[in-house]
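Listing of protein.cif, mmCIF, C-alpha atoms
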data_my_file
loop_
_atom_site.group_PDB
_atom_site.id
_atom_site.type_symbol
_atom_site.label_atom_id
_atom_site.label_comp_id
_atom_site.auth_asym_id
_atom_site.auth_seq_id
_atom_site.Cartn_x
_atom_site.Cartn_y
_atom_site.Cartn_z
ATOM 1 C CA MET Z 1 126.931 102.929 151.535
ATOM 2 C CA TYR Z 2 126.709 105.725 148.991
ATOM 3 C CA ASN Z 3 123.152 104.994 147.918
ATOM 4 C CA ILE Z 4 121.530 103.744 151.105
ATOM 5 C CA ILE Z 5 121.437 104.608 154.771
ATOM 6 C CA LYS Z 6 121.230 101.829 157.287
ATOM 7 C CA ILE Z 7 118.726 102.951 159.841
ATOM 8 C CA GLY Z 8 120.783 101.649 162.743
ATOM 9 C CA VAL Z 9 123.719 103.812 161.655
ATOM 10 C CA VAL Z 10 121.542 106.885 161.328
ATOM 11 C CA SER Z 11 120.083 106.171 164.740
ATOM 12 C CA SER Z 12 123.529 106.322 166.316
ATOM 13 C CA LEU Z 13 124.061 109.743 164.779
ATOM 14 C CA LEU Z 14 120.772 111.206 165.902
ATOM 15 C CA ILE Z 15 120.844 111.289 169.677
ATOM 16 C CA GLY Z 16 117.285 110.527 170.692
ATOM 17 C CA GLY Z 17 115.994 111.585 167.294
ATOM 18 C CA LEU Z 18 114.870 108.154 166.103
ATOM 19 C CA ALA Z 19 113.025 106.684 169.023
ATOM 20 C CA THR Z 20 112.133 103.446 167.256
ATOM 21 C CA ALA Z 21 114.555 103.340 164.368
ATOM 22 C CA ASN Z 22 116.267 100.174 165.544
ATOM 23 C CA GLU Z 23 112.970 98.297 165.368
ATOM 24 C CA THR Z 24 113.198 98.400 161.569
ATOM 25 C CA GLU Z 25 115.054 95.070 161.630
ATOM 26 C CA LYS Z 26 117.970 96.408 159.608
ATOM 27 C CA LYS Z 27 115.798 97.621 156.732
ATOM 28 C CA THR Z 28 117.450 100.315 154.695
ATOM 29 C CA ILE Z 29 116.309 103.693 153.466
ATOM 30 C CA SER Z 30 117.250 104.632 149.933
ATOM 31 C CA ILE Z 31 118.870 108.003 149.451
ATOM 32 C CA ASN Z 32 116.315 110.386 147.950
ATOM 33 C CA PRO Z 33 113.253 108.140 148.387
ATOM 34 C CA LYS Z 34 110.646 109.169 145.835
ATOM 35 C CA LYS Z 35 107.440 108.150 147.577
ATOM 36 C CA VAL Z 36 107.393 109.572 151.094
ATOM 37 C CA VAL Z 37 104.423 109.296 153.443
ATOM 38 C CA SER Z 38 104.737 111.658 156.408
ATOM 39 C CA PHE Z 39 102.400 111.515 159.399
ATOM 40 C CA ASP Z 40 104.534 114.152 161.113
ATOM 41 C CA LEU Z 41 103.290 117.499 159.798
ATOM 42 C CA GLY Z 42 106.372 119.375 160.991
ATOM 43 C CA ILE Z 43 108.503 117.007 158.934
ATOM 44 C CA ALA Z 44 106.151 117.492 155.988
ATOM 45 C CA ASP Z 45 106.595 121.275 156.149
ATOM 46 C CA SER Z 46 110.362 120.796 156.448
ATOM 47 C CA LEU Z 47 110.504 118.571 153.367
ATOM 48 C CA ASP Z 48 108.429 121.096 151.453
ATOM 49 C CA LYS Z 49 110.785 123.915 152.458
ATOM 50 C CA LEU Z 50 113.733 121.779 151.323
ATOM 51 C CA GLY Z 51 112.131 121.165 147.932
ATOM 52 C CA VAL Z 52 111.410 117.496 148.600
ATOM 53 C CA SER Z 53 108.141 116.085 147.317
ATOM 54 C CA VAL Z 54 105.787 114.458 149.819
ATOM 55 C CA LYS Z 55 103.596 111.788 148.272
ATOM 56 C CA ALA Z 56 100.993 111.490 151.021
ATOM 57 C CA LEU Z 57 100.045 112.797 154.455
ATOM 58 C CA PRO Z 58 97.017 112.767 156.807
ATOM 59 C CA LYS Z 59 94.899 115.387 155.056
ATOM 60 C CA GLN Z 60 92.083 115.049 157.602
ATOM 61 C CA SER Z 61 94.327 116.850 160.112
ATOM 62 C CA LEU Z 62 95.937 119.613 158.065
ATOM 63 C CA PRO Z 63 96.538 122.980 159.773
ATOM 64 C CA ASN Z 64 95.833 126.074 157.704
ATOM 65 C CA TYR Z 65 99.482 126.847 157.038
ATOM 66 C CA LEU Z 66 99.700 123.571 155.092
ATOM 67 C CA ASP Z 67 96.738 124.338 152.818
ATOM 68 C CA LYS Z 68 98.811 123.574 149.723
ATOM 69 C CA PHE Z 69 98.714 119.889 150.631
ATOM 70 C CA LYS Z 70 94.939 119.821 150.149
ATOM 71 C CA ALA Z 71 95.610 119.631 146.404
ATOM 72 C CA ASP Z 72 94.733 116.379 144.645
ATOM 73 C CA GLN Z 73 98.380 115.660 143.830
ATOM 74 C CA TYR Z 74 98.916 114.716 147.474
ATOM 75 C CA ALA Z 75 97.317 111.461 148.575
ATOM 76 C CA ASP Z 76 95.205 111.369 151.729
ATOM 77 C CA VAL Z 77 96.197 108.671 154.224
ATOM 78 C CA GLY Z 78 93.629 109.434 156.923
ATOM 79 C CA GLY Z 79 94.031 111.221 160.246
ATOM 80 C CA LEU Z 80 96.917 111.590 162.663
ATOM 81 C CA LYS Z 81 95.485 108.832 164.872
ATOM 82 C CA THR Z 82 93.398 107.059 162.233
ATOM 83 C CA PRO Z 83 95.765 106.138 159.382
ATOM 84 C CA ASN Z 84 94.314 104.561 156.262
ATOM 85 C CA ILE Z 85 96.509 101.470 156.089
ATOM 86 C CA GLU Z 86 95.014 100.186 152.837
ATOM 87 C CA LYS Z 87 95.671 103.507 151.123
ATOM 88 C CA ILE Z 88 99.280 103.461 152.328
ATOM 89 C CA LYS Z 89 99.704 99.967 150.888
ATOM 90 C CA GLU Z 90 98.339 101.181 147.527
ATOM 91 C CA ILE Z 91 100.937 103.958 147.438
ATOM 92 C CA LYS Z 92 103.816 101.522 148.021
ATOM 93 C CA PRO Z 93 105.964 104.140 149.757
ATOM 94 C CA ASP Z 94 109.747 104.090 149.920
ATOM 95 C CA LEU Z 95 109.678 105.726 153.356
ATOM 96 C CA ILE Z 96 107.098 106.324 156.082
ATOM 97 C CA ILE Z 97 107.775 108.981 158.719
ATOM 98 C CA ILE Z 98 105.790 108.941 161.956
ATOM 99 C CA SER Z 99 105.889 110.577 165.376
ATOM 100 C CA GLY Z 100 104.350 110.030 168.809
ATOM 101 C CA ARG Z 101 100.687 109.867 167.800
ATOM 102 C CA GLN Z 102 101.354 106.864 165.540
ATOM 103 C CA GLN Z 103 103.867 105.056 167.755
ATOM 104 C CA ALA Z 104 101.455 102.259 168.717
ATOM 105 C CA GLN Z 105 101.047 101.347 165.034
ATOM 106 C CA TYR Z 106 104.736 101.301 164.252
ATOM 107 C CA LYS Z 107 104.920 97.596 163.385
ATOM 108 C CA GLU Z 108 101.962 97.904 161.033
ATOM 109 C CA PHE Z 109 103.710 100.711 159.153
ATOM 110 C CA ALA Z 110 107.066 98.923 159.163
ATOM 111 C CA ALA Z 111 105.485 95.890 157.499
ATOM 112 C CA ILE Z 112 104.656 98.139 154.522
ATOM 113 C CA ALA Z 113 107.877 100.143 154.125
ATOM 114 C CA PRO Z 114 110.935 101.372 156.055
ATOM 115 C CA THR Z 115 109.480 103.456 158.875
ATOM 116 C CA VAL Z 116 111.222 106.045 161.014
ATOM 117 C CA SER Z 117 109.856 107.761 164.108
ATOM 118 C CA LEU Z 118 111.007 111.368 164.407
ATOM 119 C CA THR Z 119 109.414 112.050 167.762
ATOM 120 C CA THR Z 120 110.823 115.095 169.516
ATOM 121 C CA ASN Z 121 112.046 115.000 173.094
ATOM 122 C CA PRO Z 122 110.565 117.846 175.181
ATOM 123 C CA LYS Z 123 113.434 117.573 177.666
ATOM 124 C CA ASP Z 124 115.968 118.315 174.926
ATOM 125 C CA TYR Z 125 113.759 119.851 172.300
ATOM 126 C CA GLU Z 126 116.290 121.887 170.355
ATOM 127 C CA SER Z 127 118.686 118.962 169.935
ATOM 128 C CA SER Z 128 115.985 116.505 168.917
ATOM 129 C CA VAL Z 129 114.581 118.911 166.318
ATOM 130 C CA LYS Z 130 118.045 119.492 164.884
ATOM 131 C CA ASN Z 131 118.733 115.743 164.872
ATOM 132 C CA ASN Z 132 115.542 115.234 162.873
ATOM 133 C CA MET Z 133 116.739 117.822 160.374
ATOM 134 C CA LEU Z 134 120.101 116.030 160.187
ATOM 135 C CA PHE Z 135 118.228 112.874 159.240
ATOM 136 C CA LEU Z 136 116.433 114.727 156.447
ATOM 137 C CA ALA Z 137 119.701 116.278 155.265
ATOM 138 C CA LYS Z 138 121.379 112.881 154.980
ATOM 139 C CA THR Z 139 118.398 111.042 153.534
ATOM 140 C CA PHE Z 140 117.579 113.616 150.861
ATOM 141 C CA ASN Z 141 121.049 115.055 150.143
ATOM 142 C CA LYS Z 142 120.038 118.471 151.490
ATOM 143 C CA GLN Z 143 122.836 119.324 153.933
ATOM 144 C CA PRO Z 144 123.518 122.886 152.657
ATOM 145 C CA GLN Z 145 119.807 123.719 152.634
ATOM 146 C CA VAL Z 146 119.288 122.285 156.130
ATOM 147 C CA ASP Z 147 122.330 124.159 157.447
ATOM 148 C CA ALA Z 148 120.987 127.443 156.064
ATOM 149 C CA ALA Z 149 117.500 126.836 157.449
ATOM 150 C CA LEU Z 150 118.826 125.959 160.915
ATOM 151 C CA GLN Z 151 121.036 129.044 160.927
ATOM 152 C CA ALA Z 152 117.955 131.159 160.209
ATOM 153 C CA LEU Z 153 116.081 129.459 163.065
ATOM 154 C CA ASP Z 154 119.019 129.962 165.419
ATOM 155 C CA LYS Z 155 119.108 133.662 164.566
ATOM 156 C CA GLN Z 156 115.387 133.935 165.273
ATOM 157 C CA ALA Z 157 115.739 131.974 168.523
ATOM 158 C CA THR Z 158 118.740 133.980 169.698
ATOM 159 C CA ALA Z 159 116.781 137.236 169.463
ATOM 160 C CA ILE Z 160 114.061 135.783 171.709
ATOM 161 C CA GLN Z 161 116.587 134.220 174.096
ATOM 162 C CA LEU Z 162 118.232 137.616 174.592
ATOM 163 C CA GLN Z 163 114.905 139.254 175.387
ATOM 164 C CA ALA Z 164 113.984 136.396 177.738
ATOM 165 C CA LYS Z 165 117.281 136.692 179.574
ATOM 166 C CA GLN Z 166 116.799 140.413 180.074
ATOM 167 C CA SER Z 167 113.208 140.007 181.271
ATOM 168 C CA ALA Z 168 112.045 138.908 184.711
ATOM 169 C CA ASN Z 169 108.698 137.791 183.271
ATOM 170 C CA LYS Z 170 107.595 134.214 183.934
ATOM 171 C CA ALA Z 171 105.243 132.378 181.612
ATOM 172 C CA LEU Z 172 102.657 129.632 181.846
ATOM 173 C CA ILE Z 173 101.465 127.487 178.914
ATOM 174 C CA VAL Z 174 97.976 125.970 179.013
ATOM 175 C CA VAL Z 175 95.970 123.860 176.577
ATOM 176 C CA HIS Z 176 92.236 124.545 176.584
ATOM 177 C CA TYR Z 177 89.730 121.749 175.958
ATOM 178 C CA ASN Z 178 86.007 121.825 176.760
ATOM 179 C CA GLY Z 179 86.347 124.650 179.249
ATOM 180 C CA LYS Z 180 89.307 123.116 181.069
ATOM 181 C CA LEU Z 181 92.905 124.347 181.159
ATOM 182 C CA VAL Z 182 95.736 121.830 181.276
ATOM 183 C CA ALA Z 183 99.395 122.604 181.928
ATOM 184 C CA SER Z 184 102.446 120.389 181.520
ATOM 185 C CA GLU Z 185 106.113 120.996 182.207
ATOM 186 C CA GLN Z 186 107.059 118.094 179.921
ATOM 187 C CA SER Z 187 105.306 119.058 176.667
ATOM 188 C CA ASN Z 188 106.865 119.994 173.361
ATOM 189 C CA TYR Z 189 105.347 123.435 173.916
ATOM 190 C CA ALA Z 190 107.411 123.772 177.086
ATOM 191 C CA GLY Z 191 110.421 122.297 175.309
ATOM 192 C CA LEU Z 192 110.273 125.077 172.747
ATOM 193 C CA ILE Z 193 109.158 128.046 174.847
ATOM 194 C CA HIS Z 194 110.973 127.359 178.108
ATOM 195 C CA GLY Z 195 113.746 125.100 176.846
ATOM 196 C CA TRP Z 196 114.999 126.315 173.489
ATOM 197 C CA LEU Z 197 113.808 129.917 173.751
ATOM 198 C CA GLY Z 198 114.659 130.310 177.424
ATOM 199 C CA ILE Z 199 111.481 132.037 178.591
ATOM 200 C CA LYS Z 200 111.258 131.605 182.341
ATOM 201 C CA ALA Z 201 108.554 129.235 183.556
ATOM 202 C CA ILE Z 202 106.092 129.511 186.422
ATOM 203 C CA GLY Z 203 106.532 126.445 188.624
ATOM 204 C CA LEU Z 204 103.424 124.346 189.236
ATOM 205 C CA GLU Z 205 104.414 122.945 192.621
ATOM 206 C CA SER Z 206 102.232 125.338 194.622
ATOM 207 C CA VAL Z 207 99.036 124.148 192.896
ATOM 208 C CA ARG Z 208 99.808 120.443 192.542
ATOM 209 C CA LYS Z 209 98.268 119.512 195.908
ATOM 210 C CA GLY Z 210 99.965 116.122 195.817
ATOM 211 C CA ASN Z 211 99.139 115.525 192.150
ATOM 212 C CA ASN Z 212 102.314 114.365 190.381
ATOM 213 C CA ALA Z 213 100.662 113.694 187.020
ATOM 214 C CA GLU Z 214 102.524 114.970 183.957
ATOM 215 C CA ARG Z 215 99.462 116.951 182.861
ATOM 216 C CA LEU Z 216 97.881 119.116 185.523
ATOM 217 C CA MET Z 217 94.338 120.482 185.249
ATOM 218 C CA LEU Z 218 94.091 124.087 186.423
ATOM 219 C CA SER Z 219 91.132 126.253 187.314
ATOM 220 C CA ASN Z 220 91.172 129.938 186.465
ATOM 221 C CA LYS Z 221 91.680 130.565 190.185
ATOM 222 C CA ASP Z 222 94.763 128.306 190.089
ATOM 223 C CA VAL Z 223 96.168 130.357 187.237
ATOM 224 C CA ALA Z 224 95.372 133.559 189.122
ATOM 225 C CA TYR Z 225 97.181 132.181 192.177
ATOM 226 C CA LEU Z 226 100.239 131.349 190.052
ATOM 227 C CA ASN Z 227 99.986 134.856 188.561
ATOM 228 C CA PRO Z 228 102.014 134.433 185.352
ATOM 229 C CA ASP Z 229 103.396 137.501 183.648
ATOM 230 C CA VAL Z 230 102.680 135.827 180.300
ATOM 231 C CA LEU Z 231 99.983 133.244 179.606
ATOM 232 C CA PHE Z 232 100.174 131.220 176.393
ATOM 233 C CA VAL Z 233 96.882 129.531 175.469
ATOM 234 C CA ILE Z 234 96.465 126.733 172.908
ATOM 235 C CA ASP Z 235 92.855 125.875 172.034
ATOM 236 C CA ARG Z 236 92.602 122.135 171.373
ATOM 237 C CA ASN Z 237 88.888 122.447 170.601
ATOM 238 C CA GLU Z 238 89.502 124.708 167.628
ATOM 239 C CA ALA Z 239 92.498 122.681 166.448
ATOM 240 C CA ILE Z 240 90.422 119.515 166.106
ATOM 241 C CA GLY Z 241 87.287 121.213 164.805
ATOM 242 C CA GLU Z 242 85.185 121.079 167.975
ATOM 243 C CA GLY Z 243 84.330 124.759 168.287
ATOM 244 C CA LYS Z 244 86.233 127.895 169.168
ATOM 245 C CA LEU Z 245 87.285 129.127 172.572
ATOM 246 C CA ASP Z 246 85.231 131.955 174.043
ATOM 247 C CA LYS Z 247 87.950 134.180 175.452
ATOM 248 C CA ASN Z 248 85.571 135.369 178.150
ATOM 249 C CA THR Z 249 85.774 131.922 179.759
ATOM 250 C CA VAL Z 250 89.532 132.421 180.123
ATOM 251 C CA GLU Z 251 89.538 136.113 180.954
ATOM 252 C CA ASP Z 252 87.081 135.963 183.849
ATOM 253 C CA SER Z 253 87.308 138.037 187.037
ATOM 254 C CA SER Z 254 89.936 135.708 188.528
ATOM 255 C CA MET Z 255 92.155 135.878 185.462
ATOM 256 C CA GLN Z 256 91.839 139.640 185.315
ATOM 257 C CA GLU Z 257 93.883 139.791 188.516
ATOM 258 C CA THR Z 258 96.945 138.307 186.805
ATOM 259 C CA ASN Z 259 99.902 140.270 185.508
ATOM 260 C CA ALA Z 260 99.363 138.590 182.148
ATOM 261 C CA TYR Z 261 95.893 140.089 181.793
ATOM 262 C CA LYS Z 262 96.834 143.504 183.164
ATOM 263 C CA ASN Z 263 99.802 143.782 180.806
ATOM 264 C CA LYS Z 264 97.895 142.381 177.789
ATOM 265 C CA HIS Z 265 100.110 139.336 177.696
ATOM 266 C CA ILE Z 266 97.522 136.594 177.381
ATOM 267 C CA ILE Z 267 98.692 135.224 174.047
ATOM 268 C CA TYR Z 268 96.370 132.938 172.095
ATOM 269 C CA LEU Z 269 98.625 130.776 169.951
ATOM 270 C CA THR Z 270 97.372 129.557 166.558
ATOM 271 C CA PRO Z 271 95.586 126.325 167.563
ATOM 272 C CA ASP Z 272 96.176 124.037 164.569
ATOM 273 C CA LEU Z 273 99.789 125.149 164.138
ATOM 274 C CA TRP Z 274 100.650 124.299 167.734
ATOM 275 C CA TYR Z 275 98.411 121.345 168.498
ATOM 276 C CA LEU Z 276 98.634 119.469 165.186
ATOM 277 C CA SER Z 277 102.095 120.418 163.992
ATOM 278 C CA GLY Z 278 105.375 121.951 165.156
ATOM 279 C CA GLY Z 279 109.005 120.992 165.153
ATOM 280 C CA GLY Z 280 109.453 121.708 161.436
ATOM 281 C CA LEU Z 281 111.433 124.326 159.580
ATOM 282 C CA GLU Z 282 108.329 126.296 158.611
ATOM 283 C CA SER Z 283 106.205 125.593 161.681
ATOM 284 C CA LEU Z 284 109.016 126.565 164.062
ATOM 285 C CA THR Z 285 109.505 129.845 162.214
ATOM 286 C CA LEU Z 286 105.810 130.624 162.668
ATOM 287 C CA GLN Z 287 105.785 129.447 166.280
ATOM 288 C CA MET Z 288 108.760 131.600 167.226
ATOM 289 C CA GLN Z 289 107.077 134.620 165.650
ATOM 290 C CA GLU Z 290 104.087 134.073 167.914
ATOM 291 C CA VAL Z 291 106.170 133.522 171.038
ATOM 292 C CA ALA Z 292 108.043 136.760 170.376
ATOM 293 C CA LYS Z 293 104.779 138.616 171.106
ATOM 294 C CA ALA Z 294 105.545 138.030 174.795
ATOM 295 C CA PHE Z 295 108.070 140.853 174.563
ATOM 296 C CA GLN Z 296 106.031 143.298 172.501
#

As structure tokens, how would this structure be written, given the file I've shared?
Amino acid sequence: MYNIIKIGVVSSLLIGGLATANETEKKTISINPKKVVSFDLGIADSLDKLGVSVKALPKQSLPNYLDKFKADQYADVGGLKTPNIEKIKEIKPDLIIISGRQQAQYKEFAAIAPTVSLTTNPKDYESSVKNNMLFLAKTFNKQPQVDAALQALDKQATAIQLQAKQSANKALIVVHYNGKLVASEQSNYAGLIHGWLGIKAIGLESVRKGNNAERLMLSNKDVAYLNPDVLFVIDRNEAIGEGKLDKNTVEDSSMQETNAYKNKHIIYLTPDLWYLSGGGLESLTLQMQEVAKAFQ
């Protein structure tokens, strides 16, 4: 057991961190796999920060902060939802890392190489992120580096948590797409901002009108009625290359009645960072920096 990790054993260590690890049919992961394909961009940025080489990733979906991976030395294996299976087979990877967007194709990946899903759990976001980092530490012999990186994240998070605890401000997170605003209390965004960082959330019950769907579409008047002190906006259109949000469509006369608008606390989060990535050592550092603007 010194040169391999049995996925089932790792799964028992990572509470909720490997959602489909046991489906690997007892395949093993070599310690320090040399050819890693990562469809999870947060994991890719974590491996890069830890000094671990990534062989391939979905270059069609790269956020700007991962520009270095556009270089020819990194193979392109398609998009986050459109993997190039033939290209992956050509690479002959030692390990494939996926997350929620690729879950339906798990068996197809697993037929090529040991495949691990490092999907994060929005209900216990901090723990699932740290469990994912524990997996990387064990797989790539990087425990000291992971410990140091997590300590830095904890220090960053603690500063925000303290400010959030001292503030009465309540926040709302919305994703914009084609002129529509969508909110969810069970997203990874909420898991980070409201869960890990402790920023108080505006409840959606008063605008649900009997709609118990996980994702709730809101009008600007709905947002004005909720009256958040802080409004975080993620523009899906820009993240996927379908145009850029006109802020005037958000900041209309209804929205101008909110505390968030009056106090200049409508915060437009970096679209590709938040929508395409997150949950990694580098991406979380950047995300926390943006969230901290709620207290500036």

Convert the output of the PyMOL selection byres ((chain Z and resi 96) around 9) on the shown file into explicit residues, formatted as JSON, numbers by chain. {"Z": [35, 36, 37, 38, 39, 93, 94, 95, 97, 98, 109, 110, 112, 113, 114, 115, 116, 117]}

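When all atoms listed in the file are used to measure the gap to Ile43 (chain Z), the shortest distance among Z:Leu172, Z:Ile193, Z:Ala137, Z:Ile240 belongs to Z:Ala137.
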
Name the residues that the PyMOL selection byres ((chain Z and resi 102) around 9) picks from the file above, as a tab-separated table (two decimals) with C-alpha atoms, keeping the file's coordinate frame, using the file's chain letters and numbers.
chain	number	residue	atom	x	y	z
Z	39	PHE	CA	102.40	111.52	159.40
Z	80	LEU	CA	96.92	111.59	162.66
Z	81	LYS	CA	95.48	108.83	164.87
Z	82	THR	CA	93.40	107.06	162.23
Z	83	PRO	CA	95.76	106.14	159.38
Z	98	ILE	CA	105.79	108.94	161.96
Z	99	SER	CA	105.89	110.58	165.38
Z	100	GLY	CA	104.35	110.03	168.81
Z	101	ARG	CA	100.69	109.87	167.80
Z	103	GLN	CA	103.87	105.06	167.76
Z	104	ALA	CA	101.46	102.26	168.72
Z	105	GLN	CA	101.05	101.35	165.03
Z	106	TYR	CA	104.74	101.30	164.25
Z	117	SER	CA	109.86	107.76	164.11

Using all atoms listed in the file, determine which residues lie at most 9 Å from Leu136 (chain Z), disregarding the query and same-chain residues fewer than 3 positions distant; provide the list as a list in words. Ile43, Ser46, Leu47, Asn131, Asn132, Met133, Thr139, Phe140, Asn141, Lys142, Gln143 and Val146 of chain Z

Contacts of Leu284 (chain Z) within 9 Å, all atoms listed in the file, excl. fewer than 5 positions in-chain, as a list in words: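 Residues meeting the cut-off are Gly42, Leu153, Leu192, Gly278, Gly279 and Gln289 of chain Z.
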
Please provide as number ranges by chain all residues within 12 Å of Tyr74 (chain Z), with the sequence filter that same-chain residues fewer than 5 positions apart are discarded (counting only C-alpha atoms). Z: 35-38, 44, 53-59, 66-69, 91

Point-to-point distance from CA of Val223 (chain Z) to CA of Tyr177 (chain Z), Å rounded to tenths: 15.6 Å

Region 162-167 of chain Z: axis-aligned bounding box, 8 Å on each side, centre and edge lengths in Å, one decimal, as lines of an AutoDock Vina configuration file:
center_x = 115.7
center_y = 138.4
center_z = 177.9
size_x = 21.0
size_y = 20.0
size_z = 22.7

To one decimal in Å, tell me the separation between CA of Glu205 (chain Z) and CA of Ala171 (chain Z).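 That distance, rounded to one decimal, is 14.5 Å.
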